[in-house]
$ cat protein-v6.txt   # compact mmCIF, C-alpha atoms
# COMPACT_ATOMS: atom_id res chain seq x y z
CA MET D 1 9.57 -10.53 17.12
CA LEU D 2 6.52 -9.27 19.00
CA ILE D 3 3.77 -7.15 17.51
CA HIS D 4 1.83 -4.78 19.74
CA GLU D 5 -1.52 -3.16 19.05
CA LEU D 6 -1.53 0.65 19.10
CA SER D 7 -4.10 2.75 20.92
CA VAL D 8 -6.28 5.10 18.90
CA SER D 9 -4.28 8.11 20.12
CA GLN D 10 -1.01 6.44 19.07
CA CYS D 11 -2.53 5.82 15.62
CA GLU D 12 -3.61 9.46 15.42
CA ARG D 13 -0.15 10.74 16.30
CA LEU D 14 1.30 8.65 13.49
CA LEU D 15 -1.28 10.07 11.07
CA GLU D 16 -0.42 13.60 12.21
CA ARG D 17 3.29 13.28 11.46
CA ASN D 18 3.01 11.58 8.07
CA GLN D 19 1.77 12.66 4.69
CA LEU D 20 2.30 9.67 2.41
CA ALA D 21 -0.26 6.87 2.42
CA ARG D 22 -1.45 4.00 0.28
CA LEU D 23 -5.14 4.11 -0.51
CA ALA D 24 -7.16 1.13 -1.72
CA CYS D 25 -10.50 1.49 -3.42
CA ALA D 26 -12.63 -1.23 -4.99
CA LEU D 27 -15.17 -1.69 -7.76
CA SER D 28 -17.08 -4.93 -8.33
CA ASP D 29 -14.84 -6.43 -5.62
CA GLN D 30 -11.66 -5.66 -7.62
CA PRO D 31 -9.35 -3.69 -5.29
CA TYR D 32 -6.86 -1.09 -6.55
CA ILE D 33 -4.03 0.64 -4.64
CA VAL D 34 -2.62 4.13 -5.22
CA PRO D 35 -0.21 6.32 -3.26
CA ILE D 36 -1.65 9.59 -2.00
CA SER D 37 -0.55 12.68 -0.13
CA PHE D 38 -2.79 13.47 2.81
CA THR D 39 -3.17 15.63 5.88
CA PHE D 40 -4.92 14.41 9.02
CA ALA D 41 -7.55 16.76 10.48
CA PRO D 42 -8.11 15.39 14.00
CA GLN D 43 -10.90 17.83 14.86
CA GLU D 44 -12.93 16.46 11.95
CA ASN D 45 -11.65 12.87 12.29
CA CYS D 46 -10.83 12.78 8.60
CA LEU D 47 -7.96 12.86 6.14
CA TYR D 48 -7.76 15.49 3.41
CA GLY D 49 -6.16 14.68 0.08
CA PHE D 50 -6.22 15.42 -3.58
CA ALA D 51 -5.72 13.43 -6.74
CA SER D 52 -5.92 13.74 -10.48
CA VAL D 53 -9.16 12.62 -12.07
CA GLY D 54 -8.68 9.04 -13.16
CA GLN D 55 -9.59 5.47 -12.36
CA LYS D 56 -9.34 5.78 -8.58
CA ILE D 57 -11.57 8.86 -8.47
CA GLU D 58 -14.13 7.22 -10.74
CA TRP D 59 -14.10 4.11 -8.57
CA MET D 60 -14.49 6.07 -5.32
CA ARG D 61 -17.36 8.05 -6.81
CA SER D 62 -19.09 4.71 -7.45
CA ASN D 63 -18.03 3.07 -4.18
CA PRO D 64 -16.86 5.35 -1.35
CA LYS D 65 -15.51 2.52 0.84
CA VAL D 66 -11.72 2.85 1.12
CA CYS D 67 -8.79 1.56 3.15
CA ILE D 68 -5.66 3.62 3.87
CA THR D 69 -2.36 2.49 5.34
CA VAL D 70 0.48 4.63 6.66
CA ASP D 71 3.80 3.06 7.65
CA GLU D 72 6.96 4.00 9.53
CA ILE D 73 9.60 1.41 8.77
CA ILE D 74 13.03 1.48 10.39
CA ASP D 75 14.02 -2.07 9.56
CA ARG D 76 12.42 -5.47 9.43
CA PHE D 77 12.26 -5.73 13.20
CA HIS D 78 11.11 -2.20 13.97
CA TRP D 79 8.11 -0.87 12.13
CA THR D 80 4.73 0.68 12.77
CA THR D 81 1.72 0.52 10.49
CA VAL D 82 -1.71 2.10 10.79
CA VAL D 83 -4.80 1.00 8.86
CA VAL D 84 -7.81 3.28 8.38
CA ILE D 85 -11.17 2.05 7.15
CA GLY D 86 -12.99 5.06 5.81
CA ARG D 87 -15.45 6.68 3.45
CA TYR D 88 -14.57 8.91 0.49
CA GLU D 89 -16.27 12.26 0.10
CA GLU D 90 -15.37 14.46 -2.85
CA ILE D 91 -15.25 18.21 -2.25
CA ALA D 92 -17.28 19.90 -4.97
CA PRO D 93 -15.61 22.80 -6.86
CA GLN D 94 -18.47 25.08 -5.80
CA ASP D 95 -17.97 24.27 -2.10
CA VAL D 96 -15.54 27.16 -1.67
CA THR D 97 -15.31 26.90 2.13
CA ALA D 98 -14.41 23.24 2.12
CA ARG D 99 -11.92 23.68 -0.74
CA ARG D 100 -10.17 26.51 1.11
CA ARG D 101 -10.01 24.34 4.21
CA ALA D 102 -8.51 21.48 2.17
CA GLN D 103 -5.98 23.74 0.49
CA HIS D 104 -5.01 25.32 3.82
CA LEU D 105 -4.43 21.95 5.45
CA LEU D 106 -2.57 20.43 2.50
CA GLN D 107 -0.32 23.48 2.09
CA ARG D 108 0.84 23.46 5.71
CA ARG D 109 3.61 21.05 4.90
CA PRO D 110 5.80 20.17 1.91
CA GLN D 111 3.90 17.82 -0.30
CA TRP D 112 6.14 14.85 -0.41
CA TRP D 113 4.53 12.58 -2.96
CA LEU D 114 2.39 14.15 -5.56
CA PRO D 115 1.85 11.90 -8.57
CA ALA D 116 -1.55 13.56 -8.72
CA ALA D 117 0.09 16.86 -9.55
CA ALA D 118 2.56 15.47 -12.04
CA GLU D 119 1.85 15.36 -15.70
CA SER D 120 2.39 12.02 -17.34
CA ALA D 121 4.64 12.20 -20.34
CA ASP D 122 2.86 9.26 -21.91
CA GLU D 123 -0.70 9.85 -20.85
CA PRO D 124 -1.46 13.43 -19.85
CA GLN D 125 -4.38 13.80 -17.50
CA GLY D 126 -6.19 16.99 -16.69
CA GLY D 127 -7.99 18.08 -13.57
CA ALA D 128 -7.58 17.28 -9.91
CA VAL D 129 -10.09 16.98 -7.10
CA PHE D 130 -9.93 17.55 -3.38
CA PHE D 131 -11.48 14.93 -1.14
CA ARG D 132 -11.96 13.92 2.48
CA ILE D 133 -11.70 10.42 3.89
CA HIS D 134 -13.99 10.13 6.92
CA ILE D 135 -12.35 7.76 9.40
CA GLY D 136 -14.65 4.94 10.44
CA ASP D 137 -12.10 2.72 12.14
CA VAL D 138 -8.39 3.04 12.84
CA THR D 139 -6.03 0.33 14.07
CA GLY D 140 -2.27 0.09 14.30
CA ARG D 141 0.50 -2.34 15.06
CA ARG D 142 4.09 -1.88 16.10
CA ALA D 143 6.85 -4.45 15.90
CA GLY D 144 9.83 -4.36 18.20
CA SER D 145 10.82 -4.80 21.79
CA PRO D 146 9.24 -2.38 24.29
CA ASP D 147 12.64 -2.22 26.03
CA ASP D 148 14.44 -1.12 22.89
CA PRO D 149 14.23 2.67 22.42
CA SER D 150 14.95 2.32 18.70
CA ALA D 151 11.75 0.33 18.35
CA THR D 152 9.59 3.26 19.36
CA PRO D 153 11.25 6.42 18.09
CA HIS D 154 8.05 8.40 17.66
CA VAL D 155 5.26 6.58 19.46
CA MET I 156 8.19 16.25 -12.88
CA LEU I 157 7.45 13.79 -15.65
CA ILE I 158 6.03 10.33 -15.16
CA HIS I 159 6.87 7.59 -17.64
CA GLU I 160 5.08 4.32 -18.18
CA LEU I 161 7.21 1.18 -17.74
CA SER I 162 7.29 -1.72 -20.15
CA VAL I 163 6.18 -5.14 -18.92
CA SER I 164 9.80 -6.33 -18.79
CA GLN I 165 10.79 -3.28 -16.71
CA CYS I 166 7.93 -4.08 -14.32
CA GLU I 167 9.08 -7.70 -14.10
CA ARG I 168 12.66 -6.69 -13.28
CA LEU I 169 11.37 -4.54 -10.44
CA LEU I 170 9.30 -7.47 -9.13
CA GLU I 171 12.36 -9.73 -9.33
CA ARG I 172 14.55 -7.51 -7.16
CA ASN I 173 11.98 -6.72 -4.45
CA GLN I 174 10.27 -8.76 -1.78
CA LEU I 175 8.04 -6.30 0.10
CA ALA I 176 4.65 -5.43 -1.36
CA ARG I 177 1.31 -4.03 -0.32
CA LEU I 178 -1.62 -6.29 -1.13
CA ALA I 179 -5.22 -5.12 -1.29
CA CYS I 180 -8.15 -7.53 -1.09
CA ALA I 181 -11.85 -6.69 -0.93
CA LEU I 182 -15.07 -8.09 0.44
CA SER I 183 -18.50 -6.59 -0.26
CA ASP I 184 -16.60 -3.75 -1.97
CA GLN I 185 -14.71 -2.88 1.24
CA PRO I 186 -10.98 -2.88 0.38
CA TYR I 187 -8.27 -3.79 2.89
CA ILE I 188 -4.46 -3.38 2.58
CA VAL I 189 -1.77 -5.53 4.16
CA PRO I 190 2.01 -5.71 3.69
CA ILE I 191 3.33 -9.02 2.40
CA SER I 192 6.61 -10.70 1.60
CA PHE I 193 6.67 -12.19 -1.86
CA THR I 194 8.88 -13.77 -4.49
CA PHE I 195 8.25 -13.33 -8.20
CA ALA I 196 8.28 -16.51 -10.29
CA PRO I 197 8.58 -15.24 -13.87
CA GLN I 198 8.29 -18.68 -15.46
CA GLU I 199 4.86 -19.08 -13.87
CA ASN I 200 3.91 -15.39 -14.14
CA CYS I 201 2.91 -15.35 -10.51
CA LEU I 202 4.01 -14.14 -7.09
CA TYR I 203 4.47 -16.54 -4.19
CA GLY I 204 3.79 -15.43 -0.64
CA PHE I 205 2.65 -16.54 2.73
CA ALA I 206 0.57 -15.06 5.52
CA SER I 207 -0.95 -15.92 8.84
CA VAL I 208 -4.56 -17.04 8.76
CA GLY I 209 -6.67 -13.97 9.47
CA GLN I 210 -8.99 -11.46 7.87
CA LYS I 211 -7.07 -11.07 4.63
CA ILE I 212 -6.91 -14.82 4.02
CA GLU I 213 -10.62 -15.21 4.78
CA TRP I 214 -11.41 -12.37 2.40
CA MET I 215 -9.24 -13.74 -0.42
CA ARG I 216 -10.83 -17.18 -0.01
CA SER I 217 -14.19 -15.49 -0.59
CA ASN I 218 -12.99 -13.12 -3.31
CA PRO I 219 -9.69 -13.94 -5.06
CA LYS I 220 -9.39 -10.57 -6.85
CA VAL I 221 -6.37 -8.70 -5.50
CA CYS I 222 -4.14 -5.74 -6.28
CA ILE I 223 -0.45 -5.59 -5.35
CA THR I 224 1.92 -2.62 -5.45
CA VAL I 225 5.70 -2.61 -5.18
CA ASP I 226 7.63 0.66 -4.89
CA GLU I 227 11.20 1.87 -5.16
CA ILE I 228 11.38 5.37 -3.73
CA ILE I 229 14.57 7.41 -3.79
CA ASP I 230 12.99 10.79 -3.10
CA ARG I 231 9.88 12.68 -4.08
CA PHE I 232 11.16 13.31 -7.59
CA HIS I 233 12.59 9.86 -8.29
CA TRP I 234 10.40 6.87 -7.67
CA THR I 235 9.10 3.79 -9.45
CA THR I 236 5.90 1.95 -8.66
CA VAL I 237 4.43 -1.21 -10.14
CA VAL I 238 0.79 -2.29 -9.84
CA VAL I 239 -0.30 -5.90 -10.34
CA ILE I 240 -3.91 -6.92 -10.80
CA GLY I 241 -4.10 -10.60 -9.94
CA ARG I 242 -5.94 -13.60 -8.61
CA TYR I 243 -5.30 -15.32 -5.28
CA GLU I 244 -4.82 -19.08 -5.19
CA GLU I 245 -4.17 -20.79 -1.87
CA ILE I 246 -1.76 -23.71 -1.85
CA ALA I 247 -3.40 -26.59 0.00
CA PRO I 248 -1.37 -28.28 2.78
CA GLN I 249 -1.71 -31.60 0.97
CA ASP I 250 -0.27 -30.17 -2.28
CA VAL I 251 3.26 -31.11 -1.26
CA THR I 252 4.88 -30.29 -4.59
CA ALA I 253 3.48 -26.77 -4.72
CA ARG I 254 4.31 -26.13 -1.06
CA ARG I 255 7.92 -27.21 -1.61
CA ARG I 256 8.12 -24.93 -4.63
CA ALA I 257 6.75 -22.03 -2.57
CA GLN I 258 9.14 -22.69 0.32
CA HIS I 259 12.09 -23.00 -2.05
CA LEU I 260 11.33 -19.70 -3.75
CA LEU I 261 10.59 -17.81 -0.53
CA GLN I 262 13.73 -19.11 1.19
CA ARG I 263 16.05 -17.98 -1.59
CA ARG I 264 16.35 -14.55 -0.06
CA PRO I 265 16.25 -13.00 3.40
CA GLN I 266 12.66 -12.43 4.31
CA TRP I 267 12.53 -8.76 4.88
CA TRP I 268 9.05 -8.18 6.22
CA LEU I 269 7.31 -11.01 7.90
CA PRO I 270 4.44 -9.89 10.08
CA ALA I 271 2.83 -13.15 9.03
CA ALA I 272 5.50 -15.05 10.89
CA ALA I 273 5.47 -12.87 13.98
CA GLU I 274 3.39 -13.67 16.98
CA SER I 275 1.24 -10.84 18.20
CA ALA I 276 1.67 -10.14 21.89
CA ASP I 277 -1.88 -8.87 22.13
CA GLU I 278 -3.70 -11.20 19.78
CA PRO I 279 -1.85 -14.43 19.07
CA GLN I 280 -2.76 -16.08 15.80
CA GLY I 281 -1.95 -19.59 14.73
CA GLY I 282 -1.29 -21.05 11.35
CA ALA I 283 0.07 -19.67 8.12
CA VAL I 284 -0.73 -20.44 4.52
CA PHE I 285 1.24 -20.34 1.30
CA PHE I 286 -0.39 -18.75 -1.71
CA ARG I 287 0.19 -17.72 -5.30
CA ILE I 288 -0.99 -14.51 -6.95
CA HIS I 289 -1.52 -15.16 -10.66
CA ILE I 290 -0.65 -11.96 -12.53
CA GLY I 291 -3.44 -10.78 -14.80
CA ASP I 292 -2.13 -7.32 -15.57
CA VAL I 293 1.01 -5.43 -14.62
CA THR I 294 1.69 -1.73 -15.11
CA GLY I 295 4.37 0.59 -13.80
CA ARG I 296 5.33 4.23 -13.67
CA ARG I 297 8.60 5.99 -13.06
CA ALA I 298 9.08 9.61 -12.08
CA GLY I 299 12.24 11.47 -12.91
CA SER I 300 14.21 12.83 -15.79
CA PRO I 301 15.47 10.30 -18.33
CA ASP I 302 18.73 12.29 -18.46
CA ASP I 303 19.31 11.93 -14.73
CA PRO I 304 21.04 8.63 -13.92
CA SER I 305 19.83 8.80 -10.32
CA ALA I 306 16.27 8.59 -11.60
CA THR I 307 16.79 5.15 -13.04
CA PRO I 308 19.25 3.29 -10.83
CA HIS I 309 17.83 -0.13 -11.47
CA VAL I 310 15.55 0.06 -14.49
$ encode --input "protein-v6.txt" --output "structure tokens"
Amino acid sequence: MLIHELSVSQCERLLERNQLARLACALSDQPYIVPISFTFAPQENCLYGFASVGQKIEWMRSNPKVCITVDEIIDRFHWTTVVVIGRYEEIAPQDVTARRRAQHLLQRRPQWWLPAAAESADEPQGGAVFFRIHIGDVTGRRAGSPDDPSATPHV
Amino acid sequence: MLIHELSVSQCERLLERNQLARLACALSDQPYIVPISFTFAPQENCLYGFASVGQKIEWMRSNPKVCITVDEIIDRFHWTTVVVIGRYEEIAPQDVTARRRAQHLLQRRPQWWLPAAAESADEPQGGAVFFRIHIGDVTGRRAGSPDDPSATPHV
């Protein structure tokens, strides 16, 4: 199996057509991973998302360095994965313009994975925040043969 | 949608029947996520894995604190996710007993996702290492109705 590096524009196209990501944050060098829904805003070179107030938000308020991965997996021989190194910025409730922009972008598509919006039966949590992830670096890899059309269905 | 916390034994059963995880490591509070193949060893309360020598291995040698997530996603209303907070321990090449144990466990099942074993066409990397992740804490959540059998196909 060969793995090929993606160009930045190939990475961006993958970010544009997906909305489920894994986000890692860290505090005192302890990493933590959570799934998030996001929308890519290419003009601003950032990802918009929202989440319930909890450990990950507290950690990102303390340390805004994050890593996000988005995958498209067909099978073990044909997959694409993009890694974003970025910086968390919370959108303040009083920043009405930015909140409207976030809501507009996030509502453009069905929100596939929204644990942030779900109420836990065992541990109810209140409140959700909008945020941006400013993209500092983006890289991607694709596995599969370049001669096999099934290896590159979207790229 | 309701989200339910899993018991430790429910988390362990999910770890036993899966072999693809996302692992986050961190250096200087910058997190980084990579996919890994793993095998759960319940008797030792650890996960075995292997990876090519690269950034993630260098980072975990410097800072052994890691986070691992394993998901089972049916659809947006029915999913289960387990989060492990753990500690990385590399298995030295000269530790023959531990390496054999790791190889034995990892070879018991088809290795679904092995970017570690693939050679990059653009950036060849040599060498792979076996490692253990000692489980410090494991938590899990399941979304779906308890009355809906499709919500809990395996748990």
$ closest_residue --input "protein-v6.txt" --among "I:Ala206, I:Ala196, I:Cys201, I:Ile223" --to "chain D" --atoms "only C-alpha atoms"
I:Ile223
$ atom_distance --input "protein-v6.txt" --atom1 "atom CA of D:Leu2" --atom2 "atom CA of D:Trp79"
11.0 Å
$ atom_distance --input "protein-v6.txt" --atom1 "atom CA of D:Gln94" --atom2 "atom CA of D:Val66"
24.2 Å
$ residues_around --input "protein-v6.txt" --residues "D:Pro64" --least-positions-apart "5" --cutoff "9 Å" --atoms "all atoms listed in the file" --output "list of chain:residue names"
D:Cys25, D:Ala26, D:Trp59, D:Gly86, D:Arg87, D:Tyr88, D:Glu89, D:Ile133, I:Gln185
$ closest_residue --input "protein-v6.txt" --among "I:His159, I:Arg168, I:Arg216, I:His259" --to "chain D" --atoms "only C-alpha atoms"
I:His159
$ residues_around --input "protein-v6.txt" --residues "D:Gln10" --least-positions-apart "4" --cutoff "12 Å" --atoms "all atoms listed in the file" --output "MDAnalysis selection string"
chainID D and resid 4:6 14:17 80:82 138:142 152 154:155
$ closest_residue --input "protein-v6.txt" --among "I:Ala176, I:Leu202, I:Gly291, I:Arg254" --to "I:Val225" --atoms "only C-alpha atoms"
I:Ala176
$ closest_residue --input "protein-v6.txt" --among "I:Asn200, I:Asp250, I:Phe205, I:Leu261" --to "I:Asn173" --atoms "all atoms listed in the file"
I:Leu261
$ closest_residue --input "protein-v6.txt" --among "D:Tyr32, D:Ser7, D:Arg108, D:Phe40" --to "I:Ile240" --atoms "only C-alpha atoms"
D:Tyr32
$ atom_distance --input "protein-v6.txt" --atom1 "atom CA of I:Val189" --atom2 "atom CA of D:Gly54"
23.7 Å
